[in-house]
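Printed here is structure28.txt (compact mmCIF, C-alpha atoms and all ligand atoms):
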```
# COMPACT_ATOMS: atom_id res chain seq x y z
CA MET K 1 -36.32 -21.67 45.21
CA VAL K 2 -33.63 -21.45 42.56
CA SER K 3 -31.42 -24.51 42.42
CA THR K 4 -27.65 -24.19 42.47
CA ARG K 5 -27.54 -25.54 38.96
CA THR K 6 -30.00 -22.90 37.69
CA ARG K 7 -28.12 -20.15 39.48
CA LEU K 8 -24.88 -21.28 37.87
CA ALA K 9 -26.52 -21.36 34.47
CA MET K 10 -27.98 -17.88 35.01
CA GLY K 11 -24.61 -16.62 36.13
CA ALA K 12 -23.07 -18.00 32.97
CA LEU K 13 -25.77 -16.30 30.89
CA VAL K 14 -25.24 -12.93 32.56
CA GLY K 15 -21.50 -13.38 32.16
CA ALA K 16 -21.91 -14.22 28.49
CA SER K 17 -24.11 -11.21 27.79
CA LEU K 18 -21.72 -8.92 29.64
CA LEU K 19 -18.94 -10.33 27.50
CA LEU K 20 -21.01 -9.80 24.37
CA ALA K 21 -21.69 -6.19 25.32
CA ALA K 22 -18.02 -5.56 26.04
CA CYS K 23 -17.09 -7.11 22.71
CA GLY K 24 -19.60 -5.12 20.75
CA GLY K 25 -22.30 -7.71 20.56
CA GLY K 26 -20.53 -10.40 18.53
CA SER K 27 -22.52 -11.86 15.68
CA GLY K 28 -25.84 -11.34 17.45
CA GLY K 29 -25.59 -7.55 17.36
CA GLY K 30 -25.50 -5.61 20.60
CA ALA K 31 -24.59 -2.28 22.03
CA ILE K 32 -22.27 -1.22 19.20
CA VAL K 33 -23.97 -0.12 15.98
CA ASN K 34 -22.07 1.43 13.09
CA GLY K 35 -18.93 1.74 15.23
CA LYS K 36 -20.43 4.10 17.81
CA GLY K 37 -18.75 3.45 21.15
CA CYS K 38 -16.42 0.90 19.57
CA LYS K 39 -13.04 0.28 21.20
CA HIS K 40 -12.17 -3.03 19.56
CA ILE K 41 -10.59 -2.42 16.17
CA ALA K 42 -9.19 -4.96 13.73
CA PHE K 43 -6.51 -3.87 11.25
CA LEU K 44 -6.17 -6.47 8.48
CA LEU K 45 -2.76 -6.39 6.79
CA PRO K 46 -2.20 -7.86 3.31
CA GLU K 47 1.33 -9.28 3.27
CA SER K 48 4.91 -8.72 4.31
CA ALA K 49 6.96 -10.32 1.54
CA THR K 50 6.55 -7.79 -1.27
CA ALA K 51 7.13 -4.53 0.56
CA ALA K 52 8.73 -3.86 3.95
CA ARG K 53 6.24 -1.10 4.76
CA TRP K 54 3.32 -3.24 5.97
CA GLU K 55 4.94 -4.64 9.08
CA ALA K 56 7.72 -2.05 9.45
CA ALA K 57 5.52 1.06 9.28
CA ASP K 58 1.79 0.59 8.66
CA HIS K 59 1.24 -1.92 11.45
CA PRO K 60 2.97 -0.03 14.31
CA ASP K 61 1.95 3.44 13.07
CA VAL K 62 -1.76 2.66 12.69
CA GLU K 63 -1.92 0.84 16.00
CA ALA K 64 -0.23 3.77 17.77
CA ALA K 65 -2.44 6.37 16.08
CA ILE K 66 -5.67 4.56 16.97
CA LYS K 67 -4.57 4.25 20.60
CA LYS K 68 -3.51 7.91 20.65
CA TYR K 69 -6.84 9.28 19.42
CA LEU K 70 -9.06 6.64 21.03
CA PRO K 71 -7.72 5.92 24.53
CA GLY K 72 -8.58 2.44 25.74
CA ALA K 73 -8.82 1.02 22.21
CA THR K 74 -7.41 -2.41 21.41
CA VAL K 75 -6.13 -3.28 17.93
CA ASP K 76 -5.83 -6.80 16.49
CA ALA K 77 -3.63 -6.81 13.39
CA PRO K 78 -3.45 -10.17 11.59
CA ASN K 79 -1.47 -10.37 8.35
CA ALA K 80 -2.92 -12.45 5.45
CA GLN K 81 0.53 -13.03 3.87
CA GLY K 82 -0.78 -12.52 0.37
CA SER K 83 -3.79 -14.87 0.57
CA ALA K 84 -7.22 -13.36 -0.08
CA ALA K 85 -8.83 -16.48 1.41
CA THR K 86 -6.81 -16.13 4.61
CA GLN K 87 -7.84 -12.50 4.83
CA GLN K 88 -11.48 -13.50 4.50
CA THR K 89 -11.09 -15.93 7.40
CA GLN K 90 -9.26 -13.33 9.48
CA ALA K 91 -12.07 -10.82 8.92
CA GLN K 92 -14.67 -13.36 10.02
CA ALA K 93 -12.60 -14.25 13.08
CA ALA K 94 -12.25 -10.57 13.98
CA LEU K 95 -16.01 -10.02 13.71
CA THR K 96 -16.71 -13.12 15.78
CA ALA K 97 -14.31 -11.86 18.43
CA GLY K 98 -16.31 -8.62 18.57
CA ALA K 99 -14.27 -6.22 16.44
CA CYS K 100 -16.62 -3.31 15.75
CA ILE K 101 -14.57 -1.23 13.27
CA LEU K 102 -12.48 -2.90 10.54
CA VAL K 103 -9.51 -1.24 8.87
CA VAL K 104 -8.70 -3.42 5.85
CA ALA K 105 -5.70 -3.28 3.52
CA PRO K 106 -7.06 -5.81 1.02
CA VAL K 107 -4.97 -8.54 -0.57
CA ASP K 108 -7.36 -8.37 -3.52
CA SER K 109 -9.57 -5.36 -4.29
CA THR K 110 -12.39 -7.52 -5.67
CA ALA K 111 -12.29 -10.51 -3.29
CA ALA K 112 -12.33 -8.21 -0.25
CA SER K 113 -15.77 -7.01 -1.30
CA ALA K 114 -17.12 -10.01 0.64
CA ILE K 115 -15.45 -8.67 3.80
CA VAL K 116 -17.37 -5.39 3.43
CA ALA K 117 -20.64 -7.27 2.85
CA ASN K 118 -20.04 -9.46 5.90
CA ALA K 119 -19.18 -6.47 8.10
CA LYS K 120 -22.18 -4.51 6.85
CA SER K 121 -24.53 -7.32 7.81
CA LYS K 122 -23.23 -6.85 11.37
CA GLN K 123 -23.39 -3.05 11.20
CA VAL K 124 -19.61 -2.85 11.43
CA PRO K 125 -18.05 -0.01 9.41
CA VAL K 126 -15.06 -0.71 7.15
CA ILE K 127 -12.22 1.67 6.32
CA SER K 128 -10.41 0.52 3.19
CA TYR K 129 -6.72 1.13 3.90
CA ASP K 130 -4.17 2.14 1.23
CA ARG K 131 -5.82 -0.14 -1.37
CA LEU K 132 -9.43 0.43 -2.44
CA ILE K 133 -11.99 -2.35 -1.97
CA TYR K 134 -14.53 -2.59 -4.79
CA ASN K 135 -17.78 -2.44 -2.84
CA ASP K 136 -20.24 0.43 -2.85
CA ASN K 137 -21.09 -0.22 0.81
CA LEU K 138 -17.56 0.66 1.84
CA ASN K 139 -17.73 3.34 4.55
CA TYR K 140 -14.36 5.10 4.12
CA TYR K 141 -11.14 4.96 2.13
CA ALA K 142 -7.81 6.19 3.53
CA SER K 143 -4.77 6.23 1.28
CA PHE K 144 -2.34 8.27 -0.78
CA ASP K 145 -2.96 9.85 -4.15
CA GLY K 146 -2.11 6.79 -6.25
CA PHE K 147 -2.42 8.54 -9.60
CA ALA K 148 0.12 11.11 -8.36
CA VAL K 149 2.54 8.26 -7.52
CA GLY K 150 2.50 7.14 -11.16
CA VAL K 151 2.78 10.71 -12.42
CA ALA K 152 5.87 11.25 -10.22
CA GLN K 153 7.48 8.07 -11.61
CA GLY K 154 6.57 9.01 -15.19
CA ASN K 155 7.79 12.57 -14.83
CA TYR K 156 11.09 11.40 -13.44
CA ILE K 157 11.57 9.25 -16.54
CA LYS K 158 10.55 12.13 -18.82
CA ASP K 159 12.94 14.58 -17.13
CA HIS K 160 15.95 12.23 -17.03
CA LEU K 161 15.65 9.99 -20.08
CA SER K 162 18.10 12.03 -22.17
CA LYS K 163 20.92 10.71 -19.96
CA TYR K 164 20.00 7.12 -20.84
CA VAL K 165 18.61 6.96 -24.39
CA THR K 166 20.39 7.48 -27.70
CA ALA K 167 19.00 7.25 -31.23
CA GLY K 168 17.82 3.69 -31.84
CA HIS K 169 18.17 2.78 -28.15
CA GLU K 170 15.05 4.09 -26.44
CA ASN K 171 13.65 0.90 -25.00
CA LEU K 172 11.23 1.07 -22.10
CA VAL K 173 10.31 -1.94 -19.94
CA MET K 174 7.35 -1.65 -17.56
CA ILE K 175 7.11 -3.97 -14.55
CA ASP K 176 3.70 -3.32 -12.97
CA GLY K 177 2.29 -4.53 -9.64
CA SER K 178 -0.59 -6.91 -9.02
CA ASP K 179 -3.53 -6.73 -11.41
CA THR K 180 -5.88 -7.44 -8.47
CA ASP K 181 -4.68 -4.40 -6.50
CA ASN K 182 -6.55 -1.24 -7.48
CA ASN K 183 -3.40 0.73 -6.66
CA ALA K 184 -1.47 -0.93 -9.48
CA HIS K 185 -4.07 0.49 -11.87
CA LEU K 186 -3.86 3.95 -10.33
CA PHE K 187 -0.05 3.98 -10.45
CA GLY K 188 -0.17 2.65 -14.00
CA SER K 189 -2.65 5.23 -15.26
CA GLY K 190 -0.61 8.04 -13.69
CA ALA K 191 2.58 6.75 -15.30
CA HIS K 192 0.94 6.13 -18.66
CA SER K 193 -0.47 9.66 -18.70
CA ILE K 194 3.14 10.90 -18.92
CA LEU K 195 4.81 8.04 -20.82
CA ASP K 196 2.25 7.29 -23.55
CA PRO K 197 2.75 10.64 -25.30
CA LEU K 198 6.52 9.99 -25.29
CA VAL K 199 5.93 6.56 -26.83
CA SER K 200 3.58 8.05 -29.45
CA ALA K 201 6.18 10.67 -30.30
CA GLY K 202 8.87 7.97 -30.71
CA THR K 203 10.97 9.38 -27.86
CA LEU K 204 10.55 6.03 -26.10
CA LYS K 205 9.75 2.57 -27.41
CA LYS K 206 7.77 0.36 -25.04
CA VAL K 207 9.12 -3.16 -25.53
CA TYR K 208 7.58 -4.92 -22.53
CA GLU K 209 4.81 -4.43 -19.96
CA GLN K 210 3.56 -6.98 -17.48
CA PHE K 211 1.45 -7.09 -14.30
CA THR K 212 3.22 -9.00 -11.51
CA PRO K 213 0.86 -11.31 -9.58
CA GLY K 214 0.96 -10.58 -5.86
CA TRP K 215 3.66 -7.96 -6.43
CA SER K 216 6.09 -10.91 -6.20
CA ASN K 217 9.64 -9.62 -6.12
CA ALA K 218 10.97 -12.91 -7.47
CA THR K 219 8.56 -12.79 -10.43
CA ALA K 220 9.63 -9.22 -11.18
CA GLN K 221 13.20 -10.48 -11.55
CA THR K 222 12.07 -13.21 -13.96
CA GLU K 223 10.12 -10.63 -15.94
CA MET K 224 13.14 -8.35 -16.22
CA GLU K 225 15.35 -11.28 -17.26
CA ALA K 226 12.82 -12.16 -19.99
CA ALA K 227 12.71 -8.57 -21.22
CA LEU K 228 16.52 -8.34 -21.30
CA THR K 229 16.79 -11.61 -23.20
CA ALA K 230 14.16 -10.57 -25.74
CA GLN K 231 15.91 -7.23 -26.27
CA HIS K 232 19.46 -8.65 -26.31
CA ASN K 233 20.12 -6.49 -23.21
CA ASP K 234 19.20 -3.33 -25.13
CA VAL K 235 17.05 -1.69 -22.43
CA GLN K 236 17.46 1.91 -21.27
CA ILE K 237 14.48 2.54 -18.97
CA ALA K 238 12.89 0.20 -16.41
CA TYR K 239 9.66 1.58 -15.04
CA VAL K 240 9.20 -0.52 -11.88
CA MET K 241 6.24 0.13 -9.60
CA ASN K 242 7.81 -0.41 -6.18
CA ASP K 243 11.14 -0.72 -4.43
CA GLY K 244 10.76 -4.42 -3.60
CA MET K 245 10.48 -5.30 -7.28
CA ALA K 246 13.11 -2.69 -8.25
CA ASN K 247 15.57 -4.51 -5.98
CA THR K 248 15.21 -7.77 -7.91
CA VAL K 249 15.10 -5.97 -11.26
CA ILE K 250 18.46 -4.46 -10.26
CA ALA K 251 19.71 -7.99 -9.52
CA ALA K 252 18.74 -8.97 -13.08
CA LEU K 253 20.57 -5.90 -14.42
CA LYS K 254 23.63 -6.64 -12.27
CA ALA K 255 23.90 -10.11 -13.77
CA LYS K 256 24.37 -8.40 -17.16
CA GLY K 257 26.64 -5.64 -15.84
CA LEU K 258 23.89 -3.10 -16.55
CA ASN K 259 23.11 -1.81 -13.05
CA GLY K 260 23.54 1.97 -12.90
CA LYS K 261 23.27 2.17 -16.68
CA VAL K 262 19.48 1.76 -16.82
CA LEU K 263 17.03 4.26 -15.31
CA VAL K 264 15.07 2.31 -12.66
CA THR K 265 12.06 3.73 -10.80
CA GLY K 266 10.50 2.56 -7.56
CA GLN K 267 8.10 3.42 -4.77
CA ASP K 268 7.90 3.20 -0.95
CA ALA K 269 11.26 4.72 0.00
CA GLU K 270 12.09 1.54 1.86
CA ALA K 271 15.58 1.21 3.33
CA ALA K 272 16.79 -1.19 0.58
CA GLY K 273 15.42 1.16 -2.10
CA ILE K 274 17.12 4.22 -0.61
CA ARG K 275 20.36 2.25 -0.38
CA ASN K 276 20.02 1.31 -4.06
CA ILE K 277 19.57 5.01 -4.84
CA LEU K 278 22.67 5.96 -2.84
CA LEU K 279 24.61 3.24 -4.68
CA GLY K 280 23.43 4.63 -8.04
CA ASP K 281 21.56 1.44 -9.05
CA GLN K 282 18.05 2.85 -8.62
CA SER K 283 17.17 6.31 -9.89
CA MET K 284 14.19 7.37 -7.83
CA THR K 285 11.46 6.29 -5.46
CA VAL K 286 8.19 7.75 -4.24
CA TYR K 287 7.98 8.43 -0.53
CA LYS K 288 4.56 7.92 0.98
CA PRO K 289 4.61 9.31 4.54
CA ILE K 290 2.86 6.41 6.27
CA ALA K 291 2.84 8.23 9.62
CA LYS K 292 0.48 10.80 8.07
CA LEU K 293 -1.82 8.12 6.67
CA ALA K 294 -1.85 6.37 10.04
CA ASP K 295 -2.62 9.65 11.76
CA SER K 296 -5.65 10.23 9.55
CA VAL K 297 -6.86 6.67 10.22
CA GLY K 298 -6.47 7.19 13.98
CA LYS K 299 -8.56 10.36 13.80
CA LEU K 300 -11.18 8.71 11.61
CA VAL K 301 -11.54 5.68 13.89
CA ALA K 302 -11.89 7.96 16.93
CA ALA K 303 -14.52 10.11 15.19
CA ILE K 304 -16.54 7.02 14.21
CA SER K 305 -16.34 5.69 17.76
CA ASN K 306 -17.18 9.05 19.33
CA GLY K 307 -19.97 9.65 16.86
CA THR K 308 -18.50 12.99 15.79
CA ASP K 309 -18.28 14.48 12.29
CA THR K 310 -15.96 12.63 9.89
CA SER K 311 -16.43 14.87 6.85
CA SER K 312 -13.51 17.15 7.70
CA ILE K 313 -11.19 14.11 7.96
CA ALA K 314 -12.48 12.16 4.94
CA SER K 315 -13.22 15.15 2.76
CA ALA K 316 -12.35 13.65 -0.65
CA LYS K 317 -14.64 11.36 -2.65
CA VAL K 318 -13.47 8.24 -4.49
CA LYS K 319 -15.56 6.00 -6.74
CA ASN K 320 -14.55 2.42 -7.34
CA PRO K 321 -14.06 1.55 -11.02
CA ASN K 322 -17.05 -0.82 -11.07
CA GLY K 323 -19.38 1.09 -8.77
CA SER K 324 -21.25 4.30 -8.35
CA ALA K 325 -20.94 5.25 -4.67
CA GLN K 326 -18.74 8.21 -3.80
CA VAL K 327 -16.77 6.89 -0.83
CA PRO K 328 -15.67 9.52 1.72
CA SER K 329 -11.90 9.42 1.49
CA VAL K 330 -8.67 10.84 2.80
CA LEU K 331 -5.86 10.97 0.22
CA ASN K 332 -2.41 11.98 1.42
CA ALA K 333 0.23 13.63 -0.76
CA VAL K 334 3.39 11.84 -1.94
CA VAL K 335 6.99 13.01 -2.33
CA GLU K 336 9.37 12.25 -5.22
CA VAL K 337 12.80 11.20 -3.93
CA ASP K 338 16.14 10.79 -5.69
CA ILE K 339 19.75 11.09 -4.54
CA SER K 340 19.46 14.89 -4.40
CA ASN K 341 16.83 14.98 -1.65
CA VAL K 342 17.22 11.73 0.32
CA ALA K 343 18.77 13.69 3.21
CA SER K 344 16.06 16.35 3.37
CA THR K 345 13.09 13.98 3.04
CA VAL K 346 13.14 10.38 4.29
CA ILE K 347 16.23 10.81 6.49
CA ALA K 348 15.05 14.14 7.94
CA ASP K 349 11.62 12.62 8.66
CA GLY K 350 13.19 9.59 10.37
CA PHE K 351 11.35 7.33 7.89
CA VAL K 352 14.57 5.40 7.24
CA LYS K 353 17.72 5.35 9.34
CA LYS K 354 21.25 6.18 8.19
CA ALA K 355 22.49 2.95 9.74
CA ASP K 356 20.11 0.96 7.52
CA VAL K 357 20.73 2.75 4.23
CA CYS K 358 24.49 3.37 4.42
CA GLN K 359 25.75 -0.22 4.63
CA GLY K 360 28.36 -0.68 1.88
CA VAL K 361 27.63 2.78 0.51
CA PRO K 362 30.59 5.09 -0.24
CA ALA K 363 31.11 7.84 2.35
CA GLY K 364 29.47 11.10 1.33
CA ALA K 365 26.86 9.51 -0.97
CA GLY K 366 23.81 11.74 -1.17
CA GLY K 367 25.23 13.80 1.69
CA VAL K 368 23.87 11.05 3.91
CA CYS K 369 26.54 8.42 4.58
C1 LIG V 401 1.07 -0.24 -2.05
C2 LIG V 401 2.56 -0.10 -2.27
C3 LIG V 401 3.23 -1.46 -2.10
C4 LIG V 401 2.52 -2.53 -2.93
C5 LIG V 401 3.06 -3.93 -2.64
C6 LIG V 401 0.53 -1.27 -2.98
O1 LIG V 401 -0.84 -1.39 -2.84
O2 LIG V 401 0.44 1.01 -2.23
O3 LIG V 401 3.09 0.83 -1.36
O4 LIG V 401 4.56 -1.39 -2.51
O5 LIG V 401 1.14 -2.51 -2.68
O6 LIG V 401 2.84 -4.31 -1.32
```

Can you give me the file's structure in the form of structure tokens?
Ligand code: BGC
Amino acid sequence: MVSTRTRLAMGALVGASLLLAACGGGSGGGAIVNGKGCKHIAFLLPESATAARWEAADHPDVEAAIKKYLPGATVDAPNAQGSAATQQTQAQAALTAGACILVVAPVDSTAASAIVANAKSKQVPVISYDRLIYNDNLNYYASFDGFAVGVAQGNYIKDHLSKYVTAGHENLVMIDGSDTDNNAHLFGSGAHSILDPLVSAGTLKKVYEQFTPGWSNATAQTEMEAALTAQHNDVQIAYVMNDGMANTVIAALKAKGLNGKVLVTGQDAEAAGIRNILLGDQSMTVYKPIAKLADSVGKLVAAISNGTDTSSIASAKVKNPNGSAQVPSVLNAVVEVDISNVASTVIADGFVKKADVCQGVPAGAGGVC
């Protein structure tokens, strides 16, 4: 005869194993191997202070796309707020809770390698999101063409510099993103491929270039202030890697009465950046249609879960700078935006709203406000 106590204990055991199966096996391994049949996805976000996109677009778009292509899926989406250590802990917590596919936008391309190793030991596939993780066991990479972002920024400078430089005044300042984000290197190499020949030819003179730890917008302002001081305000071109930093670089220029007189680049087409373009303080940005990236991630997650072919979705191959594996990748195209096409691109797509970009902007600017 089975005692009440034993029956209770057995019931608890059965309950626990059912829970484990539903959660994908937890750390002990279970029904879910390599994402097949997985419905519990974790999307690890890197930050929210340096660019509006992560919480304003990536988070809701990716969650919606996964649920669209994989009905019944749940998505946990913790944000590491710029701390690689926090992200590590969040990844471990997600795995413990039974997440069986990880989508990771790493805080740090090198540190996040440990997340891939941890997930692999539990047969959980990892999709590196927007930023590449340096680990040859990475399963997929979904992003934009980062080199093309830098080329678009560089080409804009090349095509418009004659409006800003005069003989003896061709000074170029470069405010780069975080050294620990692979994207900053991709953007930089794209931009340098266009700008370096101009520097060699003497068309431009590079007077300052600095990585900005954590893409900190406040640090970008300090960097621009230092460059202006060193050059006695004689700066014509500010290559700035994203809109968040461009906004504080513009604040530094404003303090010297130089806003609108210096060519300033950006990236992300965030509302504040588009507003700066409509005001004439920022010259261009690069629009990365996040809805498209999210859509490809939704399809990829569903294919992994359904055990169907992923090669038509992740058809490109990307190698990390320190590795040898060719990671199956999806790389979306980017769009160069300035005042001439704000209306037909980011406004037409609904990426930013008129109400958000037109505050304090003169009526008629860019045919938008
Ligand atoms: C992203 C940019 C973003 C930057 C700062 C990069 O990895 O690709 O879109 O502006 O990080 O968050």

### Message
Just want the residues within 9 Å of ligand LIG 401 (chain V), written as a ChimeraX atom specification, counting all atoms listed in the file.
### Response
/K:46-54,105-107,130-132,143-144,146,177-178,181-184,187,214-216,241-245,266-268,288

### Query
Which residue gives the smallest distance to K:Ala365 among K:Asn276, K:Ser324, K:Ser296, K:Ser128, with all atoms listed in the file counted?
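Distance minimum relative to K:Ala365 lands on K:Asn276.
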
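Put simply, atom CA of K:Thr74 is 18.0 Å away from atom CA of K:Gly307.
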
### Message
At a cut-off of 8 Å, using all atoms listed in the file, what residues contact stretch 157-160 of chain K? Leave out same-chain residues fewer than 2 positions from it and give the result as a PyMOL selection string.
### Response
chain K and resi 153-155+162-164+194-195+198+237+263+265

### 12 Å contact set for K:Gln87, all atoms listed in the file, chain neighbours under 4 positions out, as a list in words
Ala42, Phe43, Leu44, Leu45, Pro46, Glu47, Ala77, Pro78, Asn79, Ala80, Gln81, Gly82, Ser83, Ala91, Gln92, Ala93, Ala94, Val104, Ala105, Pro106, Val107, Asp108, Ser109, Ala111, Ala112, Ser113, Ala114, Ile115 and Val116 of chain K

Just write the chosen residues, C-alpha atoms, as a PDB file, in the frame of the given file.
```pdb
ATOM      1  CA  ALA K  42      -9.190  -4.960  13.730  1.00  0.00           C
ATOM      2  CA  PHE K  43      -6.510  -3.870  11.250  1.00  0.00           C
ATOM      3  CA  LEU K  44      -6.170  -6.470   8.480  1.00  0.00           C
ATOM      4  CA  LEU K  45      -2.760  -6.390   6.790  1.00  0.00           C
ATOM      5  CA  PRO K  46      -2.200  -7.860   3.310  1.00  0.00           C
ATOM      6  CA  GLU K  47       1.330  -9.280   3.270  1.00  0.00           C
ATOM      7  CA  ALA K  77      -3.630  -6.810  13.390  1.00  0.00           C
ATOM      8  CA  PRO K  78      -3.450 -10.170  11.590  1.00  0.00           C
ATOM      9  CA  ASN K  79      -1.470 -10.370   8.350  1.00  0.00           C
ATOM     10  CA  ALA K  80      -2.920 -12.450   5.450  1.00  0.00           C
ATOM     11  CA  GLN K  81       0.530 -13.030   3.870  1.00  0.00           C
ATOM     12  CA  GLY K  82      -0.780 -12.520   0.370  1.00  0.00           C
ATOM     13  CA  SER K  83      -3.790 -14.870   0.570  1.00  0.00           C
ATOM     14  CA  ALA K  91     -12.070 -10.820   8.920  1.00  0.00           C
ATOM     15  CA  GLN K  92     -14.670 -13.360  10.020  1.00  0.00           C
ATOM     16  CA  ALA K  93     -12.600 -14.250  13.080  1.00  0.00           C
ATOM     17  CA  ALA K  94     -12.250 -10.570  13.980  1.00  0.00           C
ATOM     18  CA  VAL K 104      -8.700  -3.420   5.850  1.00  0.00           C
ATOM     19  CA  ALA K 105      -5.700  -3.280   3.520  1.00  0.00           C
ATOM     20  CA  PRO K 106      -7.060  -5.810   1.020  1.00  0.00           C
ATOM     21  CA  VAL K 107      -4.970  -8.540  -0.570  1.00  0.00           C
ATOM     22  CA  ASP K 108      -7.360  -8.370  -3.520  1.00  0.00           C
ATOM     23  CA  SER K 109      -9.570  -5.360  -4.290  1.00  0.00           C
ATOM     24  CA  ALA K 111     -12.290 -10.510  -3.290  1.00  0.00           C
ATOM     25  CA  ALA K 112     -12.330  -8.210  -0.250  1.00  0.00           C
ATOM     26  CA  SER K 113     -15.770  -7.010  -1.300  1.00  0.00           C
ATOM     27  CA  ALA K 114     -17.120 -10.010   0.640  1.00  0.00           C
ATOM     28  CA  ILE K 115     -15.450  -8.670   3.800  1.00  0.00           C
ATOM     29  CA  VAL K 116     -17.370  -5.390   3.430  1.00  0.00           C
TER      30      VAL K 116
END
```

### Query
Interatomic distance between atom CA of K:Val249 and atom CA of K:Ala220?
6.4 Å

#### Entry: Using all atoms listed in the file: which of K:Ile175, K:Ala142, K:Met224, K:Ala230 has the shortest distance to K:Gln210
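The answer is K:Ile175, which sits nearest to K:Gln210.
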